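Asks: As input, take input.cif (mmCIF, C-alpha atoms; chains and numbers go by the auth columns):
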data_data
loop_
_atom_site.group_PDB
_atom_site.id
_atom_site.type_symbol
_atom_site.label_atom_id
_atom_site.label_comp_id
_atom_site.label_asym_id
_atom_site.label_seq_id
_atom_site.Cartn_x
_atom_site.Cartn_y
_atom_site.Cartn_z
_atom_site.B_iso_or_equiv
_atom_site.auth_seq_id
_atom_site.auth_asym_id
ATOM 1 C CA MET A 1 24.407 37.625 -44.679 0.00 13 V
ATOM 2 C CA SER A 2 21.050 39.361 -44.473 0.00 14 V
ATOM 3 C CA ARG A 3 20.273 41.966 -41.843 0.00 15 V
ATOM 4 C CA ILE A 4 17.705 39.658 -40.190 0.00 16 V
ATOM 5 C CA ALA A 5 20.187 36.759 -39.987 0.00 17 V
ATOM 6 C CA ARG A 6 22.830 39.076 -38.452 0.00 18 V
ATOM 7 C CA SER A 7 20.384 40.190 -35.753 0.00 19 V
ATOM 8 C CA PHE A 8 19.408 36.624 -34.783 0.00 20 V
ATOM 9 C CA LEU A 9 22.870 35.048 -34.989 0.00 21 V
ATOM 10 C CA PRO A 10 24.056 36.241 -31.527 0.00 22 V
ATOM 11 C CA ALA A 11 20.851 34.970 -29.886 0.00 23 V
ATOM 12 C CA VAL A 12 21.137 31.574 -31.594 0.00 24 V
ATOM 13 C CA LEU A 13 24.807 31.234 -30.592 0.00 25 V
ATOM 14 C CA LEU A 14 24.002 32.176 -26.984 0.00 26 V
ATOM 15 C CA ALA A 15 21.176 29.634 -26.813 0.00 27 V
ATOM 16 C CA ALA A 16 23.413 26.928 -28.283 0.00 28 V
ATOM 17 C CA ALA A 17 26.140 27.704 -25.747 0.00 29 V
ATOM 18 C CA GLY A 18 23.588 27.412 -22.947 0.00 30 V
ATOM 19 C CA LEU A 19 22.424 24.013 -24.213 0.00 31 V
ATOM 20 C CA VAL A 20 25.987 22.718 -24.460 0.00 32 V
ATOM 21 C CA ALA A 21 26.808 23.964 -20.958 0.00 33 V
ATOM 22 C CA GLY A 22 23.656 22.353 -19.567 0.00 34 V
ATOM 23 C CA CYS A 23 24.480 19.013 -21.151 0.00 35 V
ATOM 24 C CA MET A 24 28.067 19.080 -19.909 0.00 36 V
ATOM 25 C CA SER A 25 27.055 19.902 -16.326 0.00 37 V
ATOM 26 C CA GLY A 26 25.171 16.619 -15.948 0.00 38 V
ATOM 27 C CA GLY A 27 21.900 18.373 -16.592 0.00 39 V
ATOM 28 C CA GLY A 28 18.685 18.324 -14.613 0.00 40 V
ATOM 29 C CA PRO A 29 17.909 19.084 -11.015 0.00 41 V
ATOM 30 C CA GLU A 30 19.074 16.970 -8.122 0.00 42 V
ATOM 31 C CA PRO A 31 16.722 14.087 -7.262 0.00 43 V
ATOM 32 C CA GLU A 32 13.970 15.170 -4.896 0.00 44 V
ATOM 33 C CA PHE A 33 13.553 11.779 -3.259 0.00 45 V
ATOM 34 C CA ALA A 34 16.055 10.180 -0.887 0.00 46 V
ATOM 35 C CA GLU A 35 16.031 8.050 2.221 0.00 47 V
ATOM 36 C CA GLY A 36 16.556 10.239 5.282 0.00 48 V
ATOM 37 C CA GLN A 37 14.945 13.230 3.556 0.00 49 V
ATOM 38 C CA PRO A 38 11.375 14.530 3.820 0.00 50 V
ATOM 39 C CA PHE A 39 9.032 13.034 1.242 0.00 51 V
ATOM 40 C CA PRO A 40 8.447 15.713 -1.429 0.00 52 V
ATOM 41 C CA GLU A 41 5.128 17.450 -0.827 0.00 53 V
ATOM 42 C CA ARG A 42 2.613 17.531 -3.640 0.00 54 V
ATOM 43 C CA THR A 43 -1.108 17.271 -4.250 0.00 55 V
ATOM 44 C CA LEU A 44 -2.447 14.655 -6.655 0.00 56 V
ATOM 45 C CA ASN A 45 -5.948 13.371 -7.321 0.00 57 V
ATOM 46 C CA ASP A 46 -7.453 10.022 -6.431 0.00 58 V
ATOM 47 C CA GLN A 47 -9.609 7.865 -8.701 0.00 59 V
ATOM 48 C CA HIS A 48 -12.655 10.018 -7.878 0.00 60 V
ATOM 49 C CA GLY A 49 -10.899 13.315 -8.675 0.00 61 V
ATOM 50 C CA ASN A 50 -10.487 14.244 -5.003 0.00 62 V
ATOM 51 C CA PRO A 51 -7.204 15.923 -4.017 0.00 63 V
ATOM 52 C CA VAL A 52 -4.785 13.907 -1.872 0.00 64 V
ATOM 53 C CA GLU A 53 -1.933 15.643 -0.058 0.00 65 V
ATOM 54 C CA LEU A 54 1.353 13.764 -0.170 0.00 66 V
ATOM 55 C CA PRO A 55 2.741 12.738 2.153 0.00 67 V
ATOM 56 C CA GLY A 56 -0.002 14.086 4.435 0.00 68 V
ATOM 57 C CA ASN A 57 -0.237 11.762 7.442 0.00 69 V
ATOM 58 C CA ALA A 58 0.999 8.746 5.492 0.00 70 V
ATOM 59 C CA ARG A 59 3.365 6.278 7.136 0.00 71 V
ATOM 60 C CA VAL A 60 3.417 3.919 4.130 0.00 72 V
ATOM 61 C CA ILE A 61 3.274 4.862 0.450 0.00 73 V
ATOM 62 C CA LEU A 62 2.756 2.134 -2.126 0.00 74 V
ATOM 63 C CA LYS A 63 3.463 2.708 -5.816 0.00 75 V
ATOM 64 C CA THR A 64 2.693 0.450 -8.755 0.00 76 V
ATOM 65 C CA VAL A 65 3.267 0.899 -12.462 0.00 77 V
ATOM 66 C CA GLU A 66 2.405 -2.426 -14.097 0.00 78 V
ATOM 67 C CA ALA A 67 -0.833 -4.433 -13.864 0.00 79 V
ATOM 68 C CA ALA A 68 0.558 -7.449 -11.939 0.00 80 V
ATOM 69 C CA PRO A 69 1.919 -5.418 -8.995 0.00 81 V
ATOM 70 C CA ALA A 70 -1.307 -3.396 -8.972 0.00 82 V
ATOM 71 C CA GLY A 71 -3.162 -6.697 -8.542 0.00 83 V
ATOM 72 C CA VAL A 72 -0.853 -7.584 -5.635 0.00 84 V
ATOM 73 C CA ALA A 73 -1.407 -4.209 -3.951 0.00 85 V
ATOM 74 C CA ASN A 74 -5.178 -4.323 -4.460 0.00 86 V
ATOM 75 C CA ALA A 75 -5.456 -7.888 -3.120 0.00 87 V
ATOM 76 C CA VAL A 76 -3.546 -6.997 0.053 0.00 88 V
ATOM 77 C CA LEU A 77 -5.382 -3.696 0.577 0.00 89 V
ATOM 78 C CA ASP A 78 -8.777 -5.329 -0.070 0.00 90 V
ATOM 79 C CA GLY A 79 -7.974 -7.992 2.515 0.00 91 V
ATOM 80 C CA MET A 80 -6.937 -5.491 5.196 0.00 92 V
ATOM 81 C CA GLY A 81 -10.117 -3.544 5.712 0.00 93 V
ATOM 82 C CA ALA A 82 -10.470 0.194 6.217 0.00 94 V
ATOM 83 C CA GLU A 83 -9.502 0.258 9.892 0.00 95 V
ATOM 84 C CA ALA A 84 -6.212 -1.567 9.326 0.00 96 V
ATOM 85 C CA ARG A 85 -5.353 0.576 6.290 0.00 97 V
ATOM 86 C CA ASP A 86 -6.073 3.758 8.223 0.00 98 V
ATOM 87 C CA ALA A 87 -4.070 2.581 11.239 0.00 99 V
ATOM 88 C CA LEU A 88 -1.014 2.085 9.002 0.00 100 V
ATOM 89 C CA GLY A 89 -1.560 5.372 7.169 0.00 101 V
ATOM 90 C CA ILE A 90 -1.316 3.847 3.700 0.00 102 V
ATOM 91 C CA ILE A 91 -1.437 5.902 0.521 0.00 103 V
ATOM 92 C CA TYR A 92 -1.494 3.915 -2.714 0.00 104 V
ATOM 93 C CA ILE A 93 -0.236 5.545 -5.936 0.00 105 V
ATOM 94 C CA ALA A 94 -1.091 3.910 -9.268 0.00 106 V
ATOM 95 C CA ASP A 95 1.359 5.387 -11.770 0.00 107 V
ATOM 96 C CA ILE A 96 -0.826 5.093 -14.858 0.00 108 V
ATOM 97 C CA HIS A 97 0.138 8.193 -16.814 0.00 109 V
ATOM 98 C CA GLU A 98 1.458 6.141 -19.754 0.00 110 V
ATOM 99 C CA MET A 99 -1.664 3.997 -20.077 0.00 111 V
ATOM 100 C CA PRO A 100 -3.673 4.529 -23.273 0.00 112 V
ATOM 101 C CA ALA A 101 -6.769 6.646 -22.688 0.00 113 V
ATOM 102 C CA GLN A 102 -9.418 4.186 -23.871 0.00 114 V
ATOM 103 C CA PRO A 103 -8.595 1.256 -21.537 0.00 115 V
ATOM 104 C CA MET A 104 -7.905 3.728 -18.750 0.00 116 V
ATOM 105 C CA GLN A 105 -11.306 5.408 -19.010 0.00 117 V
ATOM 106 C CA ASN A 106 -13.348 2.322 -19.912 0.00 118 V
ATOM 107 C CA VAL A 107 -11.795 -0.401 -17.777 0.00 119 V
ATOM 108 C CA VAL A 108 -9.140 0.624 -15.264 0.00 120 V
ATOM 109 C CA LEU A 109 -10.684 3.772 -13.795 0.00 121 V
ATOM 110 C CA PRO A 110 -14.142 2.207 -13.229 0.00 122 V
ATOM 111 C CA ARG A 111 -12.470 -0.724 -11.421 0.00 123 V
ATOM 112 C CA MET A 112 -10.515 1.717 -9.264 0.00 124 V
ATOM 113 C CA GLN A 113 -13.646 3.707 -8.503 0.00 125 V
ATOM 114 C CA ALA A 114 -15.350 0.541 -7.251 0.00 126 V
ATOM 115 C CA ARG A 115 -12.711 0.106 -4.516 0.00 127 V
ATOM 116 C CA ASP A 116 -13.473 1.316 -1.002 0.00 128 V
ATOM 117 C CA TYR A 117 -10.091 3.017 -0.555 0.00 129 V
ATOM 118 C CA SER A 118 -8.384 5.954 -2.217 0.00 130 V
ATOM 119 C CA ILE A 119 -6.002 5.272 -5.084 0.00 131 V
ATOM 120 C CA VAL A 120 -3.908 8.230 -6.169 0.00 132 V
ATOM 121 C CA VAL A 121 -3.632 8.285 -9.967 0.00 133 V
ATOM 122 C CA THR A 122 -0.906 9.987 -11.952 0.00 134 V
ATOM 123 C CA SER A 123 -1.410 12.135 -15.022 0.00 135 V
ATOM 124 C CA SER A 124 2.268 12.785 -15.873 0.00 136 V
ATOM 125 C CA ALA A 125 5.751 11.473 -15.139 0.00 137 V
ATOM 126 C CA ALA A 126 6.303 14.442 -12.809 0.00 138 V
ATOM 127 C CA ASP A 127 3.600 13.146 -10.442 0.00 139 V
ATOM 128 C CA ALA A 128 5.452 10.059 -9.203 0.00 140 V
ATOM 129 C CA GLY A 129 8.251 9.371 -11.668 0.00 141 V
ATOM 130 C CA PHE A 130 10.791 10.508 -9.064 0.00 142 V
ATOM 131 C CA LEU A 131 9.923 7.525 -6.853 0.00 143 V
ATOM 132 C CA PRO A 132 11.952 4.334 -7.127 0.00 144 V
ATOM 133 C CA HIS A 133 10.532 1.549 -9.267 0.00 145 V
ATOM 134 C CA GLU A 134 11.502 -2.030 -10.006 0.00 146 V
ATOM 135 C CA ARG A 135 9.715 -3.761 -12.843 0.00 147 V
ATOM 136 C CA GLU A 136 6.792 -5.983 -11.756 0.00 148 V
ATOM 137 C CA GLN A 137 7.198 -4.962 -8.092 0.00 149 V
ATOM 138 C CA VAL A 138 5.168 -2.910 -5.622 0.00 150 V
ATOM 139 C CA THR A 139 7.361 -0.101 -4.295 0.00 151 V
ATOM 140 C CA VAL A 140 6.944 0.308 -0.530 0.00 152 V
ATOM 141 C CA ILE A 141 8.086 3.592 1.027 0.00 153 V
ATOM 142 C CA LEU A 142 8.131 3.919 4.809 0.00 154 V
ATOM 143 C CA LEU A 143 7.847 7.313 6.492 0.00 155 V
ATOM 144 C CA ASP A 144 8.193 8.502 10.070 0.00 156 V
ATOM 145 C CA ASP A 145 5.727 10.813 11.851 0.00 157 V
ATOM 146 C CA GLU A 146 7.392 13.862 10.271 0.00 158 V
ATOM 147 C CA GLY A 147 7.119 12.529 6.694 0.00 159 V
ATOM 148 C CA VAL A 148 10.818 11.628 6.454 0.00 160 V
ATOM 149 C CA VAL A 149 11.616 8.578 4.321 0.00 161 V
ATOM 150 C CA THR A 150 12.916 5.836 6.622 0.00 162 V
ATOM 151 C CA GLY A 151 12.995 2.936 4.189 0.00 163 V
ATOM 152 C CA VAL A 152 12.292 1.780 0.657 0.00 164 V
ATOM 153 C CA GLY A 153 11.555 -1.777 -0.411 0.00 165 V
ATOM 154 C CA HIS A 154 9.922 -3.768 -3.162 0.00 166 V
ATOM 155 C CA ALA A 155 7.432 -6.629 -3.017 0.00 167 V
ATOM 156 C CA GLY A 156 6.599 -8.976 -5.868 0.00 168 V
ATOM 157 C CA SER A 157 3.925 -11.058 -4.165 0.00 169 V
ATOM 158 C CA GLU A 158 0.998 -10.684 -1.803 0.00 170 V
ATOM 159 C CA GLY A 159 2.931 -12.506 0.931 0.00 171 V
ATOM 160 C CA ALA A 160 5.971 -10.255 0.570 0.00 172 V
ATOM 161 C CA LEU A 161 3.846 -7.100 0.604 0.00 173 V
ATOM 162 C CA GLN A 162 1.837 -8.280 3.600 0.00 174 V
ATOM 163 C CA GLU A 163 5.062 -9.039 5.479 0.00 175 V
ATOM 164 C CA MET A 164 6.431 -5.563 4.732 0.00 176 V
ATOM 165 C CA LEU A 165 3.201 -3.962 5.948 0.00 177 V
ATOM 166 C CA ASP A 166 3.192 -6.146 9.082 0.00 178 V
ATOM 167 C CA ASN A 167 6.757 -5.002 9.803 0.00 179 V
ATOM 168 C CA ALA A 168 5.740 -1.369 9.262 0.00 180 V
ATOM 169 C CA ARG A 169 3.355 -1.669 12.216 0.00 181 V
ATOM 170 C CA ASP A 170 6.250 -2.310 14.604 0.00 182 V
#
Turn the structure described in the file into structure tokens.

Replies:
Amino acid sequence: MSRIARSFLPAVLLAAAGLVAGCMSGGGPEPEFAEGQPFPERTLNDQHGNPVELPGNARVILKTVEAAPAGVANAVLDGMGAEARDALGIIYIADIHEMPAQPMQNVVLPRMQARDYSIVVTSSAADAGFLPHEREQVTVILLDDEGVVTGVGHAGSEGALQEMLDNARD
């Protein structure tokens, strides 16, 4: 065995032992999102590049991943008007970090920028990947005045989402 190999062998073995121990322990940090816990604070950007503090003063956080639920969320939010959206304290997150760059820049982002409300956009899985998601559903997260998660639901239609938002007003 060469002198160089002998000097690196202990470091390689130590690193391998650390990897094995990490895999056997279940790996990864504990989830940072849970009902009854404060919503994890973070700052993301909206469709105009403006920073948005999460949860800030939000009482309702909507998250979409696919196009169909985004259409549901946009239809309901468009129909509400600014005053109603502000009264409910809605923040809408469009989890688009996996979207190819060309359609994102040429089609999706310009459509978002034309809306009269803020849409938080993700740039990586770390931005909103910790939030629950059901395929083809709008995730609806309810918060109390202190930013603690009080409920999580999913809506697959405009009617279902509108009903959840109506119930959030109570």

Asks: Using only C-alpha atoms, which residue out of V:Thr162, V:Thr55, V:Asn62, V:Gln125 lies closest to Ala180 (chain V)?

Replies: V:Thr162

Asks: Work out how far apart CA of Asn179 (chain V) and CA of Ile153 (chain V) are and give it in Å to one decimal.

Replies: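 Atom-to-atom, CA of Asn179 (chain V) to CA of Ile153 (chain V), that is 12.4 Å.
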
Asks: Could you state the separation of CA of Glu44 (chain V) and CA of Asp107 (chain V) in Å, given to one decimal place?

Replies: 17.4 Å

Asks: Just the residues within 9 Å of Glu170 (chain V), please, counting all atoms listed in the file, with nothing from its chain fewer than 6 positions along; format it as a list of chain:residue names.

Replies: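 My list of contacting residues is V:Pro81, V:Gly83, V:Val84, V:Ala85, V:Ala87, V:Val88.
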
Asks: From (3.7, 2.0, -5.8), in the file's coordinates, out to 12 Å: which residues are reached, counting all atoms listed in the file? Answer as an mmCIF file with C-alpha atoms, keeping the file's coordinate frame.

Replies:
data_model
loop_
_atom_site.group_PDB
_atom_site.id
_atom_site.type_symbol
_atom_site.label_atom_id
_atom_site.label_comp_id
_atom_site.auth_asym_id
_atom_site.auth_seq_id
_atom_site.Cartn_x
_atom_site.Cartn_y
_atom_site.Cartn_z
ATOM 1 C CA VAL V 72 3.417 3.919 4.130
ATOM 2 C CA ILE V 73 3.274 4.862 0.450
ATOM 3 C CA LEU V 74 2.756 2.134 -2.126
ATOM 4 C CA LYS V 75 3.463 2.708 -5.816
ATOM 5 C CA THR V 76 2.693 0.450 -8.755
ATOM 6 C CA VAL V 77 3.267 0.899 -12.462
ATOM 7 C CA GLU V 78 2.405 -2.426 -14.097
ATOM 8 C CA ALA V 79 -0.833 -4.433 -13.864
ATOM 9 C CA ALA V 80 0.558 -7.449 -11.939
ATOM 10 C CA PRO V 81 1.919 -5.418 -8.995
ATOM 11 C CA ALA V 82 -1.307 -3.396 -8.972
ATOM 12 C CA GLY V 83 -3.162 -6.697 -8.542
ATOM 13 C CA VAL V 84 -0.853 -7.584 -5.635
ATOM 14 C CA ALA V 85 -1.407 -4.209 -3.951
ATOM 15 C CA ASN V 86 -5.178 -4.323 -4.460
ATOM 16 C CA ILE V 102 -1.316 3.847 3.700
ATOM 17 C CA ILE V 103 -1.437 5.902 0.521
ATOM 18 C CA TYR V 104 -1.494 3.915 -2.714
ATOM 19 C CA ILE V 105 -0.236 5.545 -5.936
ATOM 20 C CA ALA V 106 -1.091 3.910 -9.268
ATOM 21 C CA ASP V 107 1.359 5.387 -11.770
ATOM 22 C CA ILE V 108 -0.826 5.093 -14.858
ATOM 23 C CA ILE V 131 -6.002 5.272 -5.084
ATOM 24 C CA VAL V 132 -3.908 8.230 -6.169
ATOM 25 C CA VAL V 133 -3.632 8.285 -9.967
ATOM 26 C CA THR V 134 -0.906 9.987 -11.952
ATOM 27 C CA ALA V 140 5.452 10.059 -9.203
ATOM 28 C CA GLY V 141 8.251 9.371 -11.668
ATOM 29 C CA PHE V 142 10.791 10.508 -9.064
ATOM 30 C CA LEU V 143 9.923 7.525 -6.853
ATOM 31 C CA PRO V 144 11.952 4.334 -7.127
ATOM 32 C CA HIS V 145 10.532 1.549 -9.267
ATOM 33 C CA GLU V 146 11.502 -2.030 -10.006
ATOM 34 C CA ARG V 147 9.715 -3.761 -12.843
ATOM 35 C CA GLU V 148 6.792 -5.983 -11.756
ATOM 36 C CA GLN V 149 7.198 -4.962 -8.092
ATOM 37 C CA VAL V 150 5.168 -2.910 -5.622
ATOM 38 C CA THR V 151 7.361 -0.101 -4.295
ATOM 39 C CA VAL V 152 6.944 0.308 -0.530
ATOM 40 C CA ILE V 153 8.086 3.592 1.027
ATOM 41 C CA LEU V 154 8.131 3.919 4.809
ATOM 42 C CA VAL V 164 12.292 1.780 0.657
ATOM 43 C CA GLY V 165 11.555 -1.777 -0.411
ATOM 44 C CA HIS V 166 9.922 -3.768 -3.162
ATOM 45 C CA ALA V 167 7.432 -6.629 -3.017
ATOM 46 C CA GLY V 168 6.599 -8.976 -5.868
ATOM 47 C CA LEU V 173 3.846 -7.100 0.604
#
